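Structure file query19.cif; described as mmCIF, C-alpha atoms.
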```
data_my_file
loop_
_atom_site.label_atom_id
_atom_site.label_comp_id
_atom_site.auth_asym_id
_atom_site.auth_seq_id
_atom_site.Cartn_x
_atom_site.Cartn_y
_atom_site.Cartn_z
CA MET A 1 0.00 0.00 0.00
CA ILE A 2 1.39 3.40 -1.00
CA VAL A 3 0.75 6.22 1.45
CA ARG A 4 1.64 9.86 1.03
CA ILE A 5 2.04 12.22 3.94
CA SER A 6 1.09 15.48 2.33
CA GLY A 7 4.10 17.76 2.03
CA GLU A 8 6.53 15.01 3.02
CA GLY A 9 6.54 12.35 0.32
CA GLN A 10 5.48 8.75 -0.19
CA PHE A 11 5.91 5.54 1.81
CA ARG A 12 5.41 1.87 1.00
CA LEU A 13 3.47 0.37 3.89
CA PRO A 14 3.25 -3.42 4.50
CA ASP A 15 -0.19 -4.83 3.71
CA ASN A 16 -0.85 -5.91 7.29
CA ASP A 17 -0.57 -2.30 8.41
CA ALA A 18 -3.33 -1.25 6.05
CA GLU A 19 -5.99 -2.57 8.39
CA ARG A 20 -4.48 -0.77 11.38
CA LEU A 21 -4.35 2.46 9.40
CA ASN A 22 -7.95 2.01 8.35
CA ASP A 23 -9.01 1.48 11.98
CA LEU A 24 -7.23 4.64 13.06
CA ASP A 25 -8.80 6.46 10.13
CA ASN A 26 -12.28 5.39 11.21
CA GLU A 27 -11.59 6.37 14.82
CA ALA A 28 -10.33 9.76 13.60
CA VAL A 29 -13.60 10.28 11.71
CA ALA A 30 -15.51 9.45 14.90
CA ALA A 31 -13.38 11.91 16.89
CA VAL A 32 -14.01 14.66 14.32
CA GLU A 33 -17.73 13.97 14.37
CA ALA A 34 -17.73 14.10 18.16
CA GLY A 35 -15.83 17.39 18.05
CA ASP A 36 -13.05 15.85 20.15
CA GLU A 37 -10.01 17.80 19.03
CA ASP A 38 -7.48 16.23 21.41
CA LYS A 39 -8.55 12.72 20.50
CA PHE A 40 -8.31 13.54 16.82
CA HIS A 41 -4.79 14.95 17.12
CA SER A 42 -3.56 11.94 19.06
CA LEU A 43 -5.09 9.51 16.53
CA PHE A 44 -3.67 11.47 13.64
CA ALA A 45 -0.23 11.47 15.28
CA GLU A 46 -0.55 7.69 15.60
CA MET A 47 -1.37 7.40 11.89
CA LEU A 48 1.68 9.46 10.99
CA SER A 49 4.05 7.47 13.18
CA LEU A 50 2.67 4.17 11.89
CA VAL A 51 3.45 5.26 8.34
CA GLU A 52 6.86 6.69 9.23
CA ASN A 53 7.98 3.77 11.38
CA ASP A 54 6.65 0.82 9.38
CA GLY A 55 6.73 2.42 5.97
CA GLU A 56 9.65 2.43 3.62
CA THR A 57 10.44 5.76 1.98
CA ILE A 58 9.81 5.73 -1.75
CA ASP A 59 12.59 7.11 -3.93
CA HIS A 60 12.01 10.53 -5.43
CA GLU A 61 12.58 8.98 -8.85
CA GLU A 62 9.82 6.40 -8.51
CA LEU A 63 6.59 7.32 -10.28
CA VAL A 64 3.70 5.75 -8.40
CA GLU A 65 0.28 6.95 -7.40
CA SER A 66 -0.66 6.82 -3.71
CA ASP A 67 -3.52 4.71 -2.41
CA VAL A 68 -3.98 7.03 0.54
CA ILE A 69 -2.95 10.63 1.13
CA LEU A 70 -2.69 11.82 4.70
CA PRO A 71 -3.17 15.56 5.31
CA PRO A 72 -0.17 17.71 6.24
CA ARG A 73 1.29 17.14 9.69
CA ASP A 74 0.15 20.57 10.91
CA VAL A 75 -3.45 20.10 9.79
CA THR A 76 -5.87 22.07 11.93
CA PHE A 77 -8.98 20.54 13.46
CA ASP A 78 -11.14 22.68 11.17
CA GLU A 79 -9.30 21.51 8.07
CA ALA A 80 -9.50 17.94 9.31
CA ALA A 81 -13.27 18.23 9.51
CA GLY A 82 -13.30 18.46 5.72
CA GLU A 83 -11.11 15.39 5.24
CA PHE A 84 -12.13 12.91 7.88
CA THR A 85 -15.74 12.38 6.94
CA GLY A 86 -17.82 9.36 5.97
CA ASP A 87 -15.44 6.49 5.33
CA GLY A 88 -12.48 8.68 6.13
CA LEU A 89 -9.38 8.85 3.96
CA ILE A 90 -9.54 5.12 3.33
CA PRO A 91 -12.82 3.81 1.94
CA ASP A 92 -14.01 0.70 3.78
CA MET B 1 -12.71 8.28 -2.24
CA PRO B 2 -13.60 11.19 0.00
CA GLY B 3 -11.33 13.80 1.45
CA LEU B 4 -8.07 15.21 0.27
CA ALA B 5 -6.97 12.03 -1.47
CA GLY B 6 -10.20 11.88 -3.42
CA ARG B 7 -10.16 15.47 -4.52
CA MET B 8 -6.58 15.37 -5.65
CA SER B 9 -6.62 12.13 -7.55
CA THR B 10 -9.87 13.03 -9.29
CA THR B 11 -8.41 16.28 -10.56
CA ILE B 12 -5.22 14.62 -11.70
CA LYS B 13 -7.00 11.79 -13.48
CA ALA B 14 -9.32 14.19 -15.25
CA LYS B 15 -6.41 16.23 -16.50
CA ILE B 16 -4.42 13.23 -17.64
CA SER B 17 -7.29 11.57 -19.46
CA LYS B 18 -7.97 14.86 -21.22
CA MET B 19 -4.36 15.01 -22.27
CA LEU B 20 -4.44 11.42 -23.54
CA ASP B 21 -7.70 11.94 -25.42
CA ARG B 22 -6.33 14.90 -27.23
CA ALA B 23 -3.21 13.22 -28.45
CA GLU B 24 -3.09 10.79 -31.33
CA ASP B 25 0.56 10.08 -31.00
CA PRO B 26 1.85 8.85 -27.60
CA ALA B 27 5.27 10.34 -28.29
CA GLU B 28 3.67 13.74 -28.71
CA THR B 29 1.67 13.29 -25.51
CA LEU B 30 4.80 12.47 -23.60
CA ASP B 31 6.73 15.46 -24.86
CA TYR B 32 3.78 17.73 -24.19
CA GLY B 33 3.42 16.34 -20.67
CA TYR B 34 7.08 16.88 -19.96
CA ARG B 35 6.94 20.48 -21.21
CA LYS B 36 3.95 21.17 -18.97
CA GLN B 37 5.75 19.67 -15.98
CA GLN B 38 8.72 21.91 -16.54
CA GLU B 39 6.53 24.98 -16.81
CA HIS B 40 4.92 23.98 -13.56
CA LEU B 41 8.31 23.65 -11.92
CA GLN B 42 9.16 27.22 -12.92
CA GLY B 43 5.95 28.41 -11.29
CA VAL B 44 6.87 26.53 -8.14
CA LYS B 45 10.24 28.23 -7.94
CA LYS B 46 8.61 31.62 -8.25
CA GLY B 47 6.04 30.70 -5.61
CA ILE B 48 8.74 29.74 -3.13
CA ALA B 49 10.63 32.96 -3.84
CA ASP B 50 7.45 34.94 -3.13
CA VAL B 51 7.02 33.25 0.24
CA VAL B 52 10.62 34.06 1.14
CA THR B 53 10.20 37.71 0.14
CA ALA B 54 7.00 38.09 2.12
CA LYS B 55 8.65 36.55 5.15
CA LYS B 56 11.56 38.97 4.96
CA ARG B 57 9.23 41.93 4.72
CA ILE B 58 7.36 40.80 7.80
CA GLN B 59 10.61 40.35 9.68
CA MET B 60 11.57 43.91 8.80
CA GLN B 61 8.23 45.19 10.05
CA SER B 62 8.74 43.29 13.29
CA LYS B 63 12.11 44.92 13.72
CA LYS B 64 10.62 48.38 13.34
CA LEU B 65 8.01 47.55 15.93
CA GLU B 66 10.72 46.39 18.30
CA GLU B 67 12.39 49.77 17.95
CA GLN B 68 9.05 51.36 18.71
CA VAL B 69 8.80 49.38 21.93
CA VAL B 70 12.14 50.79 23.05
CA LYS B 71 11.04 54.29 22.15
CA LEU B 72 7.75 54.03 24.04
CA ASP B 73 9.63 52.78 27.05
CA THR B 74 11.88 55.84 26.93
CA GLN B 75 8.90 58.12 26.53
CA ALA B 76 7.19 56.56 29.54
CA ARG B 77 10.27 57.30 31.61
CA GLN B 78 10.35 60.88 30.39
CA ALA B 79 6.70 61.31 31.27
CA ILE B 80 7.31 60.07 34.80
CA SER B 81 10.22 62.47 35.22
CA GLN B 82 7.82 65.24 34.33
CA ASN B 83 5.22 63.99 36.77
CA ARG B 84 2.87 62.96 34.02
CA GLU B 85 1.73 59.55 35.14
CA ASP B 86 -1.23 59.68 32.74
CA LEU B 87 1.09 60.01 29.75
CA ALA B 88 3.44 57.36 31.07
CA ARG B 89 0.52 54.99 31.43
CA MET B 90 -0.56 55.65 27.86
CA ALA B 91 2.89 54.95 26.52
CA LEU B 92 3.17 51.74 28.50
CA GLU B 93 -0.26 50.62 27.33
CA ARG B 94 0.85 51.03 23.74
CA LYS B 95 4.07 49.27 24.46
CA THR B 96 2.26 46.29 25.99
CA ALA B 97 -0.17 46.04 23.08
CA ILE B 98 2.63 46.13 20.50
CA GLN B 99 4.64 43.58 22.44
CA ALA B 100 1.72 41.16 22.51
CA GLU B 101 1.32 41.43 18.74
CA LEU B 102 5.04 41.03 18.21
CA GLN B 103 5.04 37.75 20.08
CA GLY B 104 2.33 36.42 17.79
CA LEU B 105 4.26 37.51 14.72
CA ASP B 106 7.46 35.85 15.92
CA THR B 107 5.70 32.53 16.33
CA GLN B 108 4.25 32.82 12.86
CA VAL B 109 7.58 33.66 11.29
CA THR B 110 9.07 30.51 12.84
CA GLN B 111 6.23 28.41 11.47
CA LEU B 112 6.62 29.97 8.06
CA GLU B 113 10.31 29.19 8.08
CA GLN B 114 9.53 25.53 8.65
CA GLN B 115 7.00 25.57 5.84
CA GLN B 116 9.53 27.21 3.58
CA GLU B 117 12.09 24.47 4.23
CA GLN B 118 9.46 21.89 3.46
CA LEU B 119 8.54 23.62 0.22
CA ILE B 120 12.16 23.52 -0.88
CA GLU B 121 12.28 19.78 -0.12
CA ASN B 122 9.03 19.31 -2.04
CA GLU B 123 10.44 21.12 -5.01
CA LYS B 124 13.49 18.87 -5.00
CA ARG B 125 11.23 15.82 -4.95
CA LEU B 126 9.14 17.12 -7.83
CA ARG B 127 12.23 17.90 -9.86
CA ALA B 128 13.47 14.33 -9.34
CA LYS B 129 10.11 12.94 -10.44
CA ILE B 130 10.03 15.09 -13.54
CA GLU B 131 13.53 13.92 -14.40
CA ALA B 132 12.36 10.32 -13.94
CA PHE B 133 9.45 11.05 -16.23
CA ARG B 134 11.84 12.35 -18.88
CA THR B 135 13.85 9.12 -18.77
CA LYS B 136 10.74 6.99 -18.80
CA LYS B 137 9.20 8.80 -21.74
CA GLU B 138 12.22 8.00 -23.89
CA VAL B 139 11.96 4.33 -22.94
CA ILE B 140 8.25 4.29 -23.70
CA LYS B 141 8.71 5.98 -27.04
CA ALA B 142 11.44 3.57 -28.06
CA GLN B 143 10.12 0.26 -26.81
CA TYR B 144 6.35 0.17 -26.68
CA SER B 145 3.45 0.04 -29.07
CA ALA B 146 0.89 2.85 -28.99
CA ALA B 147 -1.62 0.77 -27.03
CA GLU B 148 0.86 -0.30 -24.40
CA ALA B 149 2.22 3.20 -24.18
CA GLN B 150 -1.17 4.67 -23.19
CA VAL B 151 -1.23 2.68 -19.97
CA MET B 152 2.35 3.46 -19.08
CA ILE B 153 1.96 7.14 -19.79
CA SER B 154 -1.05 7.29 -17.56
CA GLU B 155 0.85 5.68 -14.69
CA ALA B 156 3.92 7.83 -15.05
CA ALA B 157 1.94 11.03 -15.46
CA SER B 158 -0.16 10.23 -12.37
CA GLY B 159 2.99 9.83 -10.32
CA VAL B 160 4.24 13.27 -11.33
CA GLY B 161 0.76 14.80 -11.18
CA GLU B 162 0.21 13.74 -7.59
CA GLU B 163 3.51 15.28 -6.55
CA MET B 164 2.54 18.52 -8.32
CA ALA B 165 -0.85 18.62 -6.65
CA ASP B 166 0.70 18.02 -3.26
CA LEU B 167 3.22 20.78 -3.73
CA GLY B 168 0.40 23.04 -4.90
CA LEU B 169 -1.43 22.37 -1.66
CA ALA B 170 1.67 23.08 0.44
CA MET B 171 2.26 26.30 -1.46
CA GLN B 172 -1.32 27.40 -0.94
CA ARG B 173 -1.02 26.83 2.80
CA ALA B 174 2.20 28.82 2.97
CA GLU B 175 0.66 31.67 1.00
CA GLU B 176 -2.40 31.75 3.25
CA LYS B 177 -0.13 31.96 6.26
CA THR B 178 1.85 34.79 4.65
CA GLU B 179 -1.32 36.74 3.89
CA ASP B 180 -2.51 36.32 7.44
CA MET B 181 0.81 37.57 8.78
CA LYS B 182 0.90 40.53 6.42
CA ALA B 183 -2.53 41.59 7.60
CA ARG B 184 -1.46 41.23 11.19
CA ALA B 185 1.77 43.17 10.77
CA ASN B 186 -0.08 45.93 8.92
CA ALA B 187 -2.69 46.20 11.65
CA VAL B 188 -0.01 46.61 14.30
CA GLY B 189 1.80 49.06 12.06
CA GLU B 190 -1.31 51.19 11.83
CA LEU B 191 -1.87 51.13 15.56
CA GLU B 192 1.71 52.06 16.08
CA GLN B 193 1.61 54.93 13.57
CA ALA B 194 -1.61 56.37 14.92
CA GLY B 195 -0.45 56.11 18.48
CA VAL B 196 3.16 57.10 18.42
CA PHE B 197 4.05 60.53 19.68
CA GLU B 198 7.25 62.02 18.42
CA ASP B 199 7.07 64.80 20.91
CA ILE B 200 5.82 64.33 24.42
CA THR B 201 3.90 67.63 24.29
CA GLN B 202 1.68 66.25 21.56
CA LEU B 203 0.06 64.08 24.14
CA GLU B 204 -1.55 66.95 25.98
CA GLY B 205 -4.76 66.61 24.05
CA GLY B 206 -5.79 63.37 25.73
CA SER B 207 -6.71 60.06 24.22
CA SER B 208 -8.03 59.23 20.79
CA ASP B 209 -10.04 56.20 19.75
CA ILE B 210 -6.83 54.37 19.09
CA ASP B 211 -5.66 55.09 22.61
CA ARG B 212 -8.83 53.70 24.10
CA GLU B 213 -8.58 50.68 21.84
CA LEU B 214 -5.04 50.09 22.94
CA ALA B 215 -5.94 50.52 26.56
CA GLN B 216 -8.54 47.80 26.18
CA LEU B 217 -6.11 45.55 24.40
CA SER B 218 -3.37 45.86 26.93
CA GLN B 219 -3.39 44.16 30.24
CA GLY B 220 -3.93 46.77 32.89
CA ALA B 221 -2.14 44.83 35.57
CA GLN B 222 1.04 44.57 33.56
CA VAL B 223 1.01 48.30 32.87
CA ASP B 224 0.40 49.14 36.53
CA GLU B 225 3.24 46.93 37.57
CA GLU B 226 5.64 48.37 35.06
CA LEU B 227 4.61 51.89 35.91
CA ALA B 228 5.27 51.31 39.59
CA LYS B 229 8.64 49.80 38.78
CA MET B 230 9.61 52.72 36.60
CA LYS B 231 8.52 55.21 39.22
CA ALA B 232 10.59 53.46 41.83
CA GLU B 233 13.59 53.43 39.54
CA LEU B 234 13.20 57.09 38.79
CA GLY B 235 12.53 58.14 42.36
CA SER B 236 8.76 58.53 41.76
CA GLY B 237 9.10 61.38 39.36
CA GLY B 238 9.46 64.56 41.33
CA ASP B 239 12.38 66.59 40.20
CA ALA B 240 14.25 63.69 38.79
CA PRO B 241 16.67 64.82 36.14
CA ALA B 242 15.94 64.11 32.51
CA LEU B 243 17.05 60.73 31.31
CA GLY B 244 20.48 60.08 30.06
CA GLU B 245 20.49 56.63 28.61
CA GLY B 246 17.81 55.96 26.03
CA GLN B 247 16.94 59.56 25.48
CA LYS B 248 17.07 60.98 22.01
#
```
Show me this structure written as structure tokens.
Amino acid sequence: MIVRISGEGQFRLPDNDAERLNDLDNEAVAAVEAGDEDKFHSLFAEMLSLVENDGETIDHEELVESDVILPPRDVTFDEAAGEFTGDGLIPD
Amino acid sequence: MPGLAGRMSTTIKAKISKMLDRAEDPAETLDYGYRKQQEHLQGVKKGIADVVTAKKRIQMQSKKLEEQVVKLDTQARQAISQNREDLARMALERKTAIQAELQGLDTQVTQLEQQQEQLIENEKRLRAKIEAFRTKKEVIKAQYSAAEAQVMISEAASGVGEEMADLGLAMQRAEEKTEDMKARANAVGELEQAGVFEDITQLEGGSSDIDRELAQLSQGAQVDEELAKMKAELGSGGDAPALGEGQK
């Protein structure tokens, strides 16, 4: 699974992490819907570190399209409200 | 796919399929795509330069405001020496208000600097991808049939297109931040201009709207405290001699 962290480049994430990422994504949607800003930020931070720690950086020269694009690291709660809706970033 | 990912990839795919539809010859499509990518890269460079310029301008404005803070401090001391606590208070109120704004600006400049570094990294990444596209297009032109080429072009172009869109988003965020900071610096600049008194005697007339606004903005307690401190330092006004240090 190819994941992009907006503004920071692409990562190749092992398939078994996809489910974990999807779970976090769904929880983040729930946090946004509940208006729980702190919860959202901690879930989003978890998504980012999962991608960074388990993912392998994709070379600048490689031309691949991402399956998932995470918002920029400094995304605000208001901006997030527009992204984390319905199925979230990852369709179920 | 909803959200950012959805919006971006939809736009990219629409553009690429339009490009492919228009072209009869894959080789032509590839060259055209590469030219467009390079044009885009030029725009990116200009965009980054604009962010840097705006940041520098804001830093200069901040510096001027810092000088103003020093000046107001001096004026407050002068006012106390002349037994004009009311004027001293006014000067300190302005000083406090400007200081509060300056703090906000400093934080924003730091954030903008981080964004700027990221933009430069992004640009490097995009340049590498465009270079990879150039190599790939030559391979495609030389080795594949028209039908096979269509699929490969689409893949390669999507890879570059996504990088472009992402950089576009980052640029937009940096520009929004710059605009916000410009507005903020200008607002403080106006307050400062309207409120600054070159000559202490100009203050005799009392307070304008700006003064009242500033008084509301500033934290009374901080001003009181500073005023008391200054008075103590200067021997509570009286016949204290005019200031040496800091005076014009």
Which chain A residues are at most 9 Å from chain B (counting all atoms listed in the file), as a ChimeraX atom specification? /A:6-9,59-72,82-91
Residues returned when the PyMOL selection byres ((chain A and resi 57) around 12) runs on this file, as a PyMOL selection string: chain A and resi 2-5+8-14+51-56+58-62
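The residues caught by the PyMOL selection byres ((chain B and resi 153) around 9) in this file are B:Leu20, B:Pro26, B:Thr29, B:Leu30, B:Lys136, B:Lys137, B:Ile140, B:Glu148, B:Ala149, B:Gln150, B:Val151, B:Met152, B:Ser154, B:Glu155, B:Ala156, B:Ala157, B:Ser158.
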Please write the residues from the selection above to a file, keeping C-alpha atoms, as a PDB file, in the coordinates of the input.
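Heads up, here's the output in result16.pdb:
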```pdb
ATOM      1  CA  LEU B  20      -4.440  11.420 -23.540  1.00  0.00           C
ATOM      2  CA  PRO B  26       1.850   8.850 -27.600  1.00  0.00           C
ATOM      3  CA  THR B  29       1.670  13.290 -25.510  1.00  0.00           C
ATOM      4  CA  LEU B  30       4.800  12.470 -23.600  1.00  0.00           C
ATOM      5  CA  LYS B 136      10.740   6.990 -18.800  1.00  0.00           C
ATOM      6  CA  LYS B 137       9.200   8.800 -21.740  1.00  0.00           C
ATOM      7  CA  ILE B 140       8.250   4.290 -23.700  1.00  0.00           C
ATOM      8  CA  GLU B 148       0.860  -0.300 -24.400  1.00  0.00           C
ATOM      9  CA  ALA B 149       2.220   3.200 -24.180  1.00  0.00           C
ATOM     10  CA  GLN B 150      -1.170   4.670 -23.190  1.00  0.00           C
ATOM     11  CA  VAL B 151      -1.230   2.680 -19.970  1.00  0.00           C
ATOM     12  CA  MET B 152       2.350   3.460 -19.080  1.00  0.00           C
ATOM     13  CA  SER B 154      -1.050   7.290 -17.560  1.00  0.00           C
ATOM     14  CA  GLU B 155       0.850   5.680 -14.690  1.00  0.00           C
ATOM     15  CA  ALA B 156       3.920   7.830 -15.050  1.00  0.00           C
ATOM     16  CA  ALA B 157       1.940  11.030 -15.460  1.00  0.00           C
ATOM     17  CA  SER B 158      -0.160  10.230 -12.370  1.00  0.00           C
TER      18      SER B 158
END
```
Apply the PyMOL selection byres ((chain A and resi 78) around 12) to the displayed file and report the matching residues as a short mmCIF file (atom, residue, chain, number, x, y, z; two decimals) with C-alpha atoms, in the coordinates of the input.
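The resulting file, expr08.cif, is shown below:
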```cif
data_model
loop_
_atom_site.label_atom_id
_atom_site.label_comp_id
_atom_site.auth_asym_id
_atom_site.auth_seq_id
_atom_site.Cartn_x
_atom_site.Cartn_y
_atom_site.Cartn_z
CA VAL A 32 -14.01 14.66 14.32
CA GLU A 33 -17.73 13.97 14.37
CA GLY A 35 -15.83 17.39 18.05
CA ASP A 36 -13.05 15.85 20.15
CA GLU A 37 -10.01 17.80 19.03
CA PHE A 40 -8.31 13.54 16.82
CA HIS A 41 -4.79 14.95 17.12
CA ASP A 74 0.15 20.57 10.91
CA VAL A 75 -3.45 20.10 9.79
CA THR A 76 -5.87 22.07 11.93
CA PHE A 77 -8.98 20.54 13.46
CA GLU A 79 -9.30 21.51 8.07
CA ALA A 80 -9.50 17.94 9.31
CA ALA A 81 -13.27 18.23 9.51
CA GLY A 82 -13.30 18.46 5.72
CA GLU A 83 -11.11 15.39 5.24
CA PHE A 84 -12.13 12.91 7.88
#
```
Could you pull the residues within 10 Å of Lys39 of chain A, counting only C-alpha atoms, minus those fewer than 5 positions along the same chain, as a VMD selection string? chain A and resid 27 to 28 30 to 32 34 44 to 45
Expressed in Å to a single decimal, how great is the separation between atom CA of Leu112 of chain B and atom CA of Val51 of chain B? 8.5 Å
